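Below is one structure, written out as structure tokens; comments come after it.
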Number of protein chains: 2
Amino acid sequence: MKNFELYVPTKLVFGEGEIKKLEELVPKDKKVLMLYGGGSIKKNGVYEQVTAALKNHTVVEFGGIEANPEYQTLLKALEVIKNENIEFMLAVGGGSVIDGTKFLSSAALYEGDTPWDILANRIRTYVGLPFGTVLTLPATGSEMNSGSVISRKETKEKLGMGGPGLFPQFSICDPTVIRTLPQRQIANGVADAYTHVMEQYLTYPADAFLQDRISEGILQTLIEIAPKVLADPNDYVAAANFMWSCTMALNGYIQKGVPTDWSVHMIAHELTAHYGIDHARTLAIILPSAYTKKFEQKKEKLAQYAEQVFNITEGSVEDKAKQAIEKTEAFFQSLGIKTRLSEYTDDYQGFGAKVAESLKAHGMIKLGEHRDITPEVAAEIVEMAY
Amino acid sequence: MKNFELYVPTKLVFGEGEIKKLEELVPKDKKVLMLYGGGSIKKNGVYEQVTAALKNHTVVEFGGIEANPEYQTLLKALEVIKNENIEFMLAVGGGSVIDGTKFLSSAALYEGDTPWDILANRIRTYVGLPFGTVLTLPATGSEMNSGSVISRKETKEKLGMGGPGLFPQFSICDPTVIRTLPQRQIANGVADAYTHVMEQYLTYPADAFLQDRISEGILQTLIEIAPKVLADPNDYVAAANFMWSCTMALNGYIQKGVPTDWSVHMIAHELTAHYGIDHARTLAIILPSAYTKKFEQKKEKLAQYAEQVFNITEGSVEDKAKQAIEKTEAFFQSLGIKTRLSEYTDDYQGFGAKVAESLKAHGMIKLGEHRDITPEVAAEIVEMAY
């Protein structure tokens with residue numbers, strides 16, 4: 001086990017009907033900016049619950065934060081924060097709204113010339129403008145961590161940021177929000193959380209027995225609940241286990257003491273930046289190729305994963321490892337997610353080389369847990385995923 | 001799954017050699033009281049590491065906090081805190097030193113007549129004197145939660161306290177501390193952590209799939225590492241997995257969304273208060289009887305536990321459940337822990353009735369996840385454990 005530091009100070013408030021607790025959780029003496037996305041919260045009842053809970057607070061609203069939160073949109077929100085002297089933010093939405101709010105938390109107190117530098121120069125945030133969240137889409141885990149990913153259309157960039165100042169003060173997770181989600185978003189949420197676990201678990205073995213077992217437990221739970229939440233989003237038991245698994249997949253606990261990979265995410269981000277493919281789907285496209293490419297280095301853990309998660313006990317390490325990759329791709333497909341780039345676009349020839357260029361431009365020249373996935377190797381992985 | 005709130009703000013610093021980080025973790029502008037136990041830290045090198053890291057801090061020392069931290073001893077420490085204007089505390093020890101420090105954290109700011117009221121009247125602590133810990137004995141999980149148990153010899157009482165103001169600001173967990181522990185304390189640590197998980201897991205099923213899997217993962221890990229840490233405390237992999245399992249067993253994560261029992265602890269505390277038997281050993285004495293007594297209510301979860309932890313797949317629910325209790329008692333015995341009260345004392349006749357009286361005196365008249373373990377039922381459980 002590697003040495004680690006673990007610090008997760010977000011207060012998580014979980015369960016049906018808990019949105020009403022906003023009344024106490026949001027400070028009454030501060031001017032609040034409520035941020036949301038494309039307006040789904042006005043159709044599913046969340047907006048009414050939030051505004052009812054905040055009826056005695058001073059609240060300014062900012063809607064329209066898109067999937068893969070866009071820098072230009074966030075700059076407009078930043079103007080509102082400064083013009084209105086906002087002291088607290090409330091993100092009501094999925095990972096995109098929460099990630100956008102984290103960027104604003106940092107940018108609001110940033111003293112440099114242009115807030116894009118926070119992303120471009122990977123500036124960590126130690127103190128941010130305080131905020132809480134109401135999660136409307138289980139997937140990213142952003143509700144209980146301090147990371148964020150922001151997109152910039154004009155340059156086709158998608159970059160990450162973070163720091164201990166960017167934990168939500170609280171997050172309210174009411175599993176009934178999934179009742180009105182499109183199947184596509186539920187499927188994306190499962191695939192996203194599943195891949196989050198894989199990026200932290202499917203590396204070289206590090207003798208972290210408990211972390212491995214918790215990771216395997218999240219994967220097993222996602223496999224168990226996926227068909228249920230897709231068949232019936234009113235199944236509260238399945239919805240609650242789905243939502244809690246997504247949070248636990250990326251709140252820091254399974255990443256501590258172990259090597260982490262994240263190359264699948266770094267490469268997949270390029271597919272969203274270039275083609276606009278849903279984040280979770282880009283992960284499902286890249287993961288099988290990435291593990292096939294790094295088979296020799298990952299086969300031992302792949303075999304463990306085959307045994308512990310899929311109960312594959314027969315065959316050699318290689319046999320089990322291969323079946324594990326196939327089972328993973330089949331699981332994504334069972335969610336209705338296509339796992340080849342050519343199933344999303346006809347314009348894929350030469351894209352591997354473009355990914356390599358883009359990774360180089362962002363200094364991402366050594367990806368993966370062994371830091372040996374060069375832009376050239378990344379290009380090969382993309383080509384294997386055509 | 002039940003609704004829940006989860007808030008665990010302690011920063012955990014884990015791994016070999018991390019004690020040196022005290023230099024940065026302990027505030028330099030505050031007068032520090034360093035608390036410890038019977039002096040083992042002066043033999044195992046921890047005292048030297050701590051004092052070296054704090055050589056530029058102002059530190060007052062208070063040693064001699066005993067196992068089952070004693071109220072009268074803590075009152076002396078409280079005098080030091082007041083006389084010396086202590087602003088920060090550092091607990092260097094096991095669960096007893098940390099629990100004692102939590103009591104002091106609360107008592108230092110308590111404005112009532114007598115600090116015993118915090119325990120006797122179950123007063124929750126929302127703000128305490130800040131403190132950090134250096135853990136020297138993996139067992140209680142006190143390093144990452146806000147609970148504490150304090151003993152009072154003159155009245156043979158052992159009572160709990162807690163509240164969100166009692167989380168350590170940080171805890172340093174260096175697994176190499178177990179190298180110099182007596183086998184007895186290592187065995188106690190394993191049994192203590194194991195029972196912590198059982199109190200939160202072995203209740204009625206609540207459809208909390210992930211919580212169950214994490215609990216099962218901790219139990220499996222403890223079963224895996226127990227013979228290794230007992231055979232060779234220098235086995236770092238085993239020590240690290242032991243230490244992390246103990247923390248995860250009682251840092252709140254597996255308790256959220258599920259019913260919890262804690263009747264084994266409440267009854268077992270009476271055995272320590274009366275006979276001075278080690279805390280972990282009292283748990284091992286009481287647990288098998290408690291589960292046998294509540295067999296009908298617990299058999300479904302006992303059967304799940306049999307399957308998932310012990311791989312017992314044959315037989316009826318009742319068969320599996322019975323084997324699960326036997327396997328648990330055998331596991332405690334494999335640690336060198338005797339599981340019958342009569343193996344510790346000849347003076348046990350009539351003790352069941354004494355336990356019933358004591359529970360009544362402390363208002364603990366409805367224990368267990370169904371609140372149906374009356375003092376009379378508790379007496380029966382104790383008698384079954386003679």
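Naming works like this for the structure tokens: A, B, ... for the chains as they're shown, residue 1 at the start of each chain, ligands 1 onward in shown order.
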
Which residues come within 10 Å of Glu224 in chain B, counting only C-alpha atoms, excluding same-chain residues fewer than 4 positions away, as a compact mmCIF listing (two decimals) with N, CA and C atoms, in the first residue's frame?
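Saved the output as out_19.txt:
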# COMPACT_ATOMS: atom_id res chain seq x y z
N PHE A 209 -5.58 -4.48 -0.07
CA PHE A 209 -6.66 -5.48 -0.13
C PHE A 209 -8.04 -4.84 0.05
N ILE B 218 -14.25 -5.42 4.56
CA ILE B 218 -13.43 -5.19 5.75
C ILE B 218 -13.27 -6.49 6.53
N LEU B 219 -14.38 -7.23 6.71
CA LEU B 219 -14.31 -8.50 7.45
C LEU B 219 -13.35 -9.46 6.75
N GLN B 220 -13.46 -9.58 5.43
CA GLN B 220 -12.58 -10.49 4.68
C GLN B 220 -11.12 -10.07 4.85
N LYS B 228 -1.39 -13.11 9.70
CA LYS B 228 -0.11 -12.53 9.26
C LYS B 228 0.43 -11.52 10.28
N VAL B 229 -0.42 -10.63 10.77
CA VAL B 229 0.10 -9.64 11.72
C VAL B 229 0.47 -10.29 13.04
N ALA B 238 0.58 -6.52 5.59
CA ALA B 238 -0.47 -6.96 6.51
C ALA B 238 -0.80 -5.86 7.51
N ASN B 241 -2.85 -3.01 5.84
CA ASN B 241 -4.24 -3.40 5.60
C ASN B 241 -5.02 -3.55 6.90
N PHE B 242 -4.33 -3.99 7.94
CA PHE B 242 -4.93 -4.07 9.29
C PHE B 242 -5.33 -2.67 9.76

Please superimpose chain A upon chain B, fitting all C-alpha atoms matched one to one in order, and report the result as a short mmCIF file (atom, residue, chain, number, x, y, z; two decimals) with C-alpha atoms, in the first residue's frame.
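That gives us out39.cif:
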data_model
loop_
_atom_site.label_atom_id
_atom_site.label_comp_id
_atom_site.auth_asym_id
_atom_site.auth_seq_id
_atom_site.Cartn_x
_atom_site.Cartn_y
_atom_site.Cartn_z
CA MET A 1 -31.56 2.20 2.11
CA LYS A 2 -32.29 4.64 4.91
CA ASN A 3 -31.71 8.38 4.52
CA PHE A 4 -28.42 9.51 6.02
CA GLU A 5 -26.02 12.36 6.62
CA LEU A 6 -22.30 11.69 6.31
CA TYR A 7 -19.68 14.13 7.54
CA VAL A 8 -16.12 12.96 8.20
CA PRO A 9 -13.82 15.98 8.05
CA THR A 10 -10.74 14.40 9.66
CA LYS A 11 -7.65 14.55 7.46
CA LEU A 12 -6.07 11.10 7.52
CA VAL A 13 -2.33 10.88 6.91
CA PHE A 14 -1.42 7.25 6.35
CA GLY A 15 1.86 5.38 5.92
CA GLU A 16 5.34 4.66 7.15
CA GLY A 17 7.35 7.72 8.13
CA GLU A 18 4.46 10.17 8.15
CA ILE A 19 4.80 11.24 11.81
CA LYS A 20 7.25 13.91 10.69
CA LYS A 21 4.35 15.76 9.06
CA LEU A 22 3.27 16.85 12.56
CA GLU A 23 5.58 19.79 12.10
CA GLU A 24 3.15 21.25 9.55
CA LEU A 25 -0.09 19.74 10.84
CA VAL A 26 0.10 21.09 14.40
CA PRO A 27 -0.46 24.86 14.44
CA LYS A 28 2.74 26.65 15.43
CA ASP A 29 1.02 29.62 17.07
CA LYS A 30 -0.86 27.55 19.65
CA LYS A 31 0.23 26.06 22.97
CA VAL A 32 -0.02 22.30 22.63
CA LEU A 33 -0.85 19.60 25.18
CA MET A 34 0.57 16.23 24.12
CA LEU A 35 -1.34 13.37 25.73
CA TYR A 36 -0.22 9.78 25.95
CA GLY A 37 -0.71 6.59 27.87
CA GLY A 38 1.45 4.33 29.99
CA GLY A 39 4.71 5.20 28.32
CA SER A 40 4.99 2.62 25.53
CA ILE A 41 5.61 5.49 23.12
CA LYS A 42 8.90 6.11 24.93
CA LYS A 43 10.03 2.56 24.11
CA ASN A 44 8.88 2.21 20.51
CA GLY A 45 10.38 5.35 19.03
CA VAL A 46 7.11 7.23 18.55
CA TYR A 47 7.85 9.72 21.34
CA GLU A 48 11.18 10.64 19.70
CA GLN A 49 9.54 11.08 16.30
CA VAL A 50 6.79 13.26 17.73
CA THR A 51 9.05 15.48 19.82
CA ALA A 52 11.49 15.85 16.92
CA ALA A 53 8.66 17.01 14.65
CA LEU A 54 7.42 19.45 17.32
CA LYS A 55 10.78 20.87 18.32
CA ASN A 56 9.69 24.35 17.23
CA HIS A 57 6.31 24.14 18.96
CA THR A 58 5.41 24.96 22.57
CA VAL A 59 4.42 21.62 24.04
CA VAL A 60 3.26 20.55 27.50
CA GLU A 61 3.05 16.80 28.18
CA PHE A 62 0.49 14.75 30.06
CA GLY A 63 1.11 10.99 30.29
CA GLY A 64 -0.56 8.17 32.12
CA ILE A 65 -3.96 7.90 30.44
CA GLU A 66 -4.89 4.27 31.07
CA ALA A 67 -6.76 1.69 28.99
CA ASN A 68 -10.47 2.48 29.37
CA PRO A 69 -9.59 6.11 30.02
CA GLU A 70 -10.45 7.03 33.58
CA TYR A 71 -12.47 10.10 34.47
CA GLN A 72 -10.31 10.98 37.49
CA THR A 73 -7.15 10.92 35.40
CA LEU A 74 -8.77 13.10 32.78
CA LEU A 75 -9.84 15.64 35.38
CA LYS A 76 -6.14 16.11 36.16
CA ALA A 77 -5.43 16.69 32.46
CA LEU A 78 -8.31 19.18 32.38
CA GLU A 79 -6.59 21.16 35.14
CA VAL A 80 -3.44 21.30 33.05
CA ILE A 81 -5.43 22.54 30.05
CA LYS A 82 -6.95 25.35 32.10
CA ASN A 83 -3.83 26.28 34.08
CA GLU A 84 -1.57 26.25 31.02
CA ASN A 85 -4.05 27.89 28.63
CA ILE A 86 -3.77 25.01 26.18
CA GLU A 87 -5.11 25.80 22.69
CA PHE A 88 -4.48 22.54 20.83
CA MET A 89 -4.14 18.92 21.89
CA LEU A 90 -2.20 16.07 20.34
CA ALA A 91 -3.23 12.56 21.35
CA VAL A 92 -0.39 10.07 20.85
CA GLY A 93 -1.70 6.61 21.58
CA GLY A 94 -4.47 4.12 20.96
CA GLY A 95 -8.20 4.47 21.28
CA SER A 96 -8.05 5.14 25.00
CA VAL A 97 -5.75 8.14 24.70
CA ILE A 98 -7.76 9.47 21.75
CA ASP A 99 -11.08 8.92 23.52
CA GLY A 100 -9.71 10.63 26.61
CA THR A 101 -8.60 13.56 24.46
CA LYS A 102 -12.08 13.82 22.95
CA PHE A 103 -13.55 14.03 26.44
CA LEU A 104 -11.08 16.80 27.23
CA SER A 105 -11.90 18.56 23.96
CA SER A 106 -15.51 18.74 25.09
CA ALA A 107 -14.87 19.34 28.80
CA ALA A 108 -12.42 22.19 28.14
CA LEU A 109 -15.22 24.28 26.62
CA TYR A 110 -18.07 22.89 28.76
CA GLU A 111 -19.79 25.49 30.90
CA GLY A 112 -21.87 23.22 33.13
CA ASP A 113 -21.12 22.35 36.76
CA THR A 114 -19.42 18.99 36.36
CA PRO A 115 -18.00 17.54 33.16
CA TRP A 116 -19.33 14.08 34.03
CA ASP A 117 -22.72 15.44 32.96
CA ILE A 118 -21.49 15.36 29.36
CA LEU A 119 -21.53 11.56 29.70
CA ALA A 120 -24.34 11.06 32.19
CA ASN A 121 -26.73 13.39 30.36
CA ARG A 122 -25.50 12.48 26.86
CA ILE A 123 -24.73 16.08 25.94
CA ARG A 124 -23.57 16.32 22.31
CA THR A 125 -20.51 18.43 21.56
CA TYR A 126 -20.79 20.84 18.64
CA VAL A 127 -17.56 22.73 19.26
CA GLY A 128 -14.54 21.27 21.03
CA LEU A 129 -10.96 22.30 21.72
CA PRO A 130 -9.15 21.34 18.49
CA PHE A 131 -6.90 18.30 18.48
CA GLY A 132 -5.02 15.88 16.26
CA THR A 133 -3.86 12.32 16.84
CA VAL A 134 -0.94 9.99 16.19
CA LEU A 135 -2.35 6.47 16.31
CA THR A 136 -0.18 3.81 17.96
CA LEU A 137 -2.64 0.92 18.08
CA PRO A 138 -5.06 0.00 15.28
CA ALA A 139 -8.37 -1.04 16.80
CA THR A 140 -11.02 1.42 17.81
CA GLY A 141 -11.33 3.71 14.78
CA SER A 142 -11.41 6.66 17.18
CA GLU A 143 -8.81 8.36 14.97
CA MET A 144 -11.45 9.14 12.33
CA ASN A 145 -14.73 9.51 14.16
CA SER A 146 -16.31 11.77 16.76
CA GLY A 147 -17.20 9.20 19.42
CA SER A 148 -15.58 8.44 22.75
CA VAL A 149 -16.11 6.08 25.69
CA ILE A 150 -15.00 7.06 29.20
CA SER A 151 -14.83 4.95 32.39
CA ARG A 152 -15.30 5.89 36.02
CA LYS A 153 -13.93 3.40 38.50
CA GLU A 154 -15.63 4.73 41.63
CA THR A 155 -19.05 4.03 40.15
CA LYS A 156 -18.05 1.17 37.80
CA GLU A 157 -19.51 3.11 34.91
CA LYS A 158 -18.43 3.15 31.24
CA LEU A 159 -20.35 5.62 29.10
CA GLY A 160 -20.21 7.07 25.61
CA MET A 161 -20.23 10.62 24.26
CA GLY A 162 -19.83 12.34 20.91
CA GLY A 163 -20.82 15.09 18.52
CA PRO A 164 -19.63 16.79 15.34
CA GLY A 165 -17.20 18.97 17.32
CA LEU A 166 -15.13 15.93 18.30
CA PHE A 167 -13.54 14.83 15.03
CA PRO A 168 -9.73 14.96 15.14
CA GLN A 169 -8.48 17.69 12.79
CA PHE A 170 -5.97 15.14 11.53
CA SER A 171 -4.78 11.67 12.39
CA ILE A 172 -1.45 10.15 11.47
CA CYS A 173 -1.56 6.38 11.00
CA ASP A 174 1.86 4.78 10.57
CA PRO A 175 1.40 1.00 10.30
CA THR A 176 4.93 0.30 11.59
CA VAL A 177 3.72 1.12 15.12
CA ILE A 178 2.38 -2.41 15.41
CA ARG A 179 5.92 -3.86 15.33
CA THR A 180 6.36 -3.37 19.06
CA LEU A 181 2.81 -4.18 20.16
CA PRO A 182 2.21 -7.19 22.38
CA GLN A 183 0.36 -10.03 20.59
CA ARG A 184 -2.51 -9.48 23.00
CA GLN A 185 -3.07 -5.93 21.78
CA ILE A 186 -2.84 -6.90 18.12
CA ALA A 187 -5.41 -9.66 18.69
CA ASN A 188 -7.63 -7.21 20.56
CA GLY A 189 -7.37 -4.71 17.72
CA VAL A 190 -8.51 -7.26 15.15
CA ALA A 191 -11.42 -8.42 17.32
CA ASP A 192 -12.43 -4.86 18.10
CA ALA A 193 -12.52 -3.74 14.46
CA TYR A 194 -14.23 -6.97 13.42
CA THR A 195 -16.99 -6.41 15.96
CA HIS A 196 -17.37 -2.79 14.92
CA VAL A 197 -18.21 -3.96 11.43
CA MET A 198 -20.57 -6.62 12.73
CA GLU A 199 -22.54 -4.10 14.82
CA GLN A 200 -23.25 -2.09 11.65
CA TYR A 201 -23.60 -4.94 9.17
CA LEU A 202 -25.21 -7.83 11.00
CA THR A 203 -28.67 -6.32 11.41
CA TYR A 204 -31.82 -6.76 9.39
CA PRO A 205 -31.34 -6.40 5.61
CA ALA A 206 -31.85 -2.84 4.39
CA ASP A 207 -31.13 -3.13 0.65
CA ALA A 208 -27.89 -1.22 1.08
CA PHE A 209 -25.90 -3.30 -1.38
CA LEU A 210 -22.74 -1.25 -1.42
CA GLN A 211 -22.56 -0.72 2.34
CA ASP A 212 -22.93 -4.49 2.79
CA ARG A 213 -20.16 -5.17 0.30
CA ILE A 214 -17.81 -2.70 1.96
CA SER A 215 -18.53 -4.27 5.36
CA GLU A 216 -17.91 -7.73 3.94
CA GLY A 217 -14.70 -6.43 2.38
CA ILE A 218 -13.43 -5.19 5.75
CA LEU A 219 -14.31 -8.49 7.43
CA GLN A 220 -12.58 -10.47 4.68
CA THR A 221 -9.52 -8.26 4.94
CA LEU A 222 -9.33 -8.66 8.72
CA ILE A 223 -9.64 -12.44 8.36
CA GLU A 224 -6.90 -12.37 5.70
CA ILE A 225 -4.42 -10.25 7.63
CA ALA A 226 -5.02 -11.49 11.19
CA PRO A 227 -2.76 -14.56 11.08
CA LYS A 228 -0.12 -12.53 9.25
CA VAL A 229 0.09 -9.63 11.70
CA LEU A 230 0.10 -12.05 14.63
CA ALA A 231 2.86 -14.17 13.07
CA ASP A 232 4.98 -11.22 11.92
CA PRO A 233 4.19 -7.64 12.94
CA ASN A 234 6.99 -6.57 10.58
CA ASP A 235 4.88 -7.62 7.60
CA TYR A 236 4.15 -4.09 6.37
CA VAL A 237 1.51 -5.12 3.84
CA ALA A 238 -0.47 -6.96 6.49
CA ALA A 239 0.05 -4.16 9.02
CA ALA A 240 -1.12 -1.48 6.59
CA ASN A 241 -4.23 -3.41 5.59
CA PHE A 242 -4.92 -4.08 9.28
CA MET A 243 -4.62 -0.42 10.20
CA TRP A 244 -6.72 0.88 7.31
CA SER A 245 -9.41 -1.75 7.97
CA CYS A 246 -9.67 -0.67 11.61
CA THR A 247 -10.16 2.96 10.55
CA MET A 248 -12.72 2.12 7.86
CA ALA A 249 -14.59 -0.10 10.33
CA LEU A 250 -15.70 2.88 12.37
CA ASN A 251 -15.30 6.10 10.40
CA GLY A 252 -18.98 6.32 9.61
CA TYR A 253 -19.02 5.07 6.03
CA ILE A 254 -20.44 1.57 6.62
CA GLN A 255 -22.98 2.80 9.14
CA LYS A 256 -24.76 5.19 6.78
CA GLY A 257 -28.07 4.15 5.29
CA VAL A 258 -28.34 0.97 7.37
CA PRO A 259 -29.75 0.01 10.77
CA THR A 260 -27.10 -0.43 13.45
CA ASP A 261 -27.13 -2.70 16.47
CA TRP A 262 -24.47 -1.81 19.11
CA SER A 263 -26.14 -4.02 21.75
CA VAL A 264 -23.01 -6.19 21.88
CA HIS A 265 -20.97 -3.13 22.84
CA MET A 266 -23.47 -1.84 25.37
CA ILE A 267 -23.65 -5.18 27.15
CA ALA A 268 -19.93 -5.87 26.83
CA HIS A 269 -19.02 -2.51 28.38
CA GLU A 270 -20.50 -3.86 31.62
CA LEU A 271 -17.93 -6.68 31.64
CA THR A 272 -15.07 -4.22 31.37
CA ALA A 273 -16.60 -1.91 33.96
CA HIS A 274 -17.09 -4.82 36.42
CA TYR A 275 -14.21 -7.22 35.76
CA GLY A 276 -11.70 -5.08 33.92
CA ILE A 277 -11.63 -7.51 30.99
CA ASP A 278 -10.10 -6.01 27.81
CA HIS A 279 -12.76 -4.27 25.71
CA ALA A 280 -12.18 -6.41 22.61
CA ARG A 281 -12.40 -9.62 24.65
CA THR A 282 -15.71 -8.62 26.18
CA LEU A 283 -17.04 -8.18 22.64
CA ALA A 284 -15.86 -11.68 21.70
CA ILE A 285 -17.61 -13.06 24.82
CA ILE A 286 -20.94 -11.36 24.17
CA LEU A 287 -21.30 -11.43 20.37
CA PRO A 288 -21.96 -15.18 19.86
CA SER A 289 -24.59 -15.25 22.62
CA ALA A 290 -26.23 -12.06 21.41
CA TYR A 291 -26.60 -13.43 17.87
CA THR A 292 -27.82 -16.78 19.16
CA LYS A 293 -30.43 -15.01 21.27
CA LYS A 294 -31.56 -12.84 18.35
CA PHE A 295 -31.24 -15.66 15.84
CA GLU A 296 -34.71 -15.39 14.32
CA GLN A 297 -34.32 -11.69 13.62
CA LYS A 298 -30.74 -11.92 12.38
CA LYS A 299 -30.72 -15.22 10.53
CA GLU A 300 -31.27 -13.75 7.09
CA LYS A 301 -28.27 -11.45 7.35
CA LEU A 302 -26.25 -14.14 9.13
CA ALA A 303 -26.81 -16.37 6.12
CA GLN A 304 -25.68 -13.60 3.76
CA TYR A 305 -22.57 -13.12 5.94
CA ALA A 306 -21.94 -16.89 5.83
CA GLU A 307 -22.08 -16.83 2.04
CA GLN A 308 -20.19 -13.64 1.31
CA VAL A 309 -17.49 -13.79 3.97
CA PHE A 310 -17.04 -17.52 4.68
CA ASN A 311 -18.14 -18.88 1.29
CA ILE A 312 -20.69 -21.19 2.93
CA THR A 313 -23.13 -21.89 0.11
CA GLU A 314 -24.74 -25.19 1.16
CA GLY A 315 -27.69 -25.67 3.47
CA SER A 316 -30.76 -23.76 4.60
CA VAL A 317 -30.76 -20.17 5.80
CA GLU A 318 -30.75 -21.51 9.37
CA ASP A 319 -27.84 -23.87 8.68
CA LYS A 320 -25.77 -21.10 7.15
CA ALA A 321 -26.67 -18.67 9.91
CA LYS A 322 -25.64 -21.12 12.64
CA GLN A 323 -22.37 -21.85 10.92
CA ALA A 324 -21.74 -18.11 10.62
CA ILE A 325 -21.98 -17.69 14.39
CA GLU A 326 -19.68 -20.66 14.94
CA LYS A 327 -17.18 -19.35 12.40
CA THR A 328 -17.18 -15.96 14.09
CA GLU A 329 -16.50 -17.43 17.52
CA ALA A 330 -13.81 -19.66 16.00
CA PHE A 331 -12.21 -16.60 14.41
CA PHE A 332 -11.99 -14.84 17.77
CA GLN A 333 -10.48 -18.01 19.27
CA SER A 334 -7.96 -18.18 16.41
CA LEU A 335 -6.70 -14.83 17.67
CA GLY A 336 -6.04 -16.40 21.09
CA ILE A 337 -9.14 -14.78 22.59
CA LYS A 338 -11.32 -16.80 24.96
CA THR A 339 -15.01 -16.40 24.29
CA ARG A 340 -16.64 -17.44 27.58
CA LEU A 341 -16.91 -15.30 30.71
CA SER A 342 -16.05 -18.29 32.90
CA GLU A 343 -12.67 -18.47 31.19
CA TYR A 344 -11.86 -15.05 32.66
CA THR A 345 -13.39 -15.24 36.16
CA ASP A 346 -14.85 -17.73 38.62
CA ASP A 347 -17.09 -15.04 40.04
CA TYR A 348 -19.70 -14.90 37.32
CA GLN A 349 -22.83 -16.33 38.96
CA GLY A 350 -25.52 -13.70 39.19
CA PHE A 351 -23.66 -11.31 36.89
CA GLY A 352 -26.47 -11.33 34.31
CA ALA A 353 -28.80 -9.73 36.84
CA LYS A 354 -26.16 -7.13 37.70
CA VAL A 355 -25.83 -6.19 34.04
CA ALA A 356 -29.60 -5.78 33.86
CA GLU A 357 -29.55 -3.45 36.86
CA SER A 358 -26.71 -1.40 35.47
CA LEU A 359 -28.35 -1.02 32.06
CA LYS A 360 -31.55 0.10 33.76
CA ALA A 361 -29.66 2.60 35.88
CA HIS A 362 -28.24 4.14 32.69
CA GLY A 363 -31.56 4.16 30.89
CA MET A 364 -30.39 1.57 28.36
CA ILE A 365 -33.63 -0.34 28.37
CA LYS A 366 -34.11 -0.81 24.61
CA LEU A 367 -30.98 -2.03 22.85
CA GLY A 368 -30.37 -3.47 19.39
CA GLU A 369 -31.56 -2.53 15.92
CA HIS A 370 -35.14 -3.39 16.85
CA ARG A 371 -34.90 -1.65 20.26
CA ASP A 372 -36.20 -4.87 21.83
CA ILE A 373 -33.25 -6.01 23.93
CA THR A 374 -34.51 -5.14 27.38
CA PRO A 375 -32.28 -5.41 30.46
CA GLU A 376 -33.87 -8.83 31.05
CA VAL A 377 -32.93 -10.02 27.56
CA ALA A 378 -29.44 -8.60 28.07
CA ALA A 379 -29.17 -10.62 31.29
CA GLU A 380 -30.06 -13.77 29.37
CA ILE A 381 -27.41 -12.97 26.74
CA VAL A 382 -24.81 -12.56 29.49
CA GLU A 383 -25.88 -15.83 31.11
CA MET A 384 -25.59 -17.62 27.77
CA ALA A 385 -22.00 -16.35 27.62
CA TYR A 386 -20.92 -17.68 31.07
#

Based on DSSP run over this structure's backbone, return all residues of range 31-158 of chain A in helix (DSSP H, G or I), as a VMD selection string. chain A and resid 40 to 42 46 to 53 71 to 83 95 to 109 116 to 120 142 to 144 153 to 155

Output C-alpha atoms for every residue in that selection, as a short mmCIF file (atom, residue, chain, number, x, y, z; two decimals), in the first residue's frame.
data_model
loop_
_atom_site.label_atom_id
_atom_site.label_comp_id
_atom_site.auth_asym_id
_atom_site.auth_seq_id
_atom_site.Cartn_x
_atom_site.Cartn_y
_atom_site.Cartn_z
CA SER A 40 -34.66 20.13 -16.66
CA ILE A 41 -34.93 21.08 -12.99
CA LYS A 42 -37.97 23.19 -13.90
CA VAL A 46 -36.37 20.02 -8.20
CA TYR A 47 -36.53 23.75 -8.94
CA GLU A 48 -39.75 24.06 -6.90
CA GLN A 49 -38.25 22.14 -3.99
CA VAL A 50 -35.10 24.26 -4.00
CA THR A 51 -36.85 27.61 -4.26
CA ALA A 52 -39.36 26.60 -1.57
CA ALA A 53 -36.50 25.71 0.79
CA TYR A 71 -15.75 28.45 -20.40
CA GLN A 72 -17.57 31.29 -22.20
CA THR A 73 -20.81 30.53 -20.37
CA LEU A 74 -19.00 30.44 -17.06
CA LEU A 75 -17.38 33.81 -17.72
CA LYS A 76 -20.91 35.24 -17.88
CA ALA A 77 -21.71 33.65 -14.51
CA LEU A 78 -18.47 35.09 -13.14
CA GLU A 79 -19.69 38.57 -14.10
CA VAL A 80 -22.89 37.96 -12.17
CA ILE A 81 -20.88 36.84 -9.12
CA LYS A 82 -18.81 40.03 -9.21
CA ASN A 83 -21.63 42.44 -10.08
CA GLY A 95 -21.59 16.93 -12.85
CA SER A 96 -21.43 19.68 -15.45
CA VAL A 97 -23.22 22.25 -13.32
CA ILE A 98 -21.19 21.24 -10.27
CA ASP A 99 -17.91 21.29 -12.19
CA GLY A 100 -18.80 24.70 -13.60
CA THR A 101 -19.54 25.93 -10.08
CA LYS A 102 -16.15 24.67 -8.90
CA PHE A 103 -14.47 26.65 -11.66
CA LEU A 104 -16.41 29.72 -10.53
CA SER A 105 -15.49 29.05 -6.91
CA SER A 106 -11.84 29.26 -7.91
CA ALA A 107 -12.18 32.03 -10.51
CA ALA A 108 -14.16 34.30 -8.16
CA LEU A 109 -11.14 34.60 -5.86
CA TRP A 116 -8.36 30.22 -18.07
CA ASP A 117 -4.86 30.10 -16.58
CA ILE A 118 -6.28 28.12 -13.66
CA LEU A 119 -6.84 25.31 -16.18
CA ALA A 120 -4.02 25.93 -18.63
CA SER A 142 -18.30 15.72 -8.43
CA GLU A 143 -20.69 16.19 -5.50
CA MET A 144 -18.11 14.81 -3.06
CA LYS A 153 -15.19 25.30 -27.68
CA GLU A 154 -13.13 27.91 -29.50
CA THR A 155 -9.96 25.92 -28.91
#
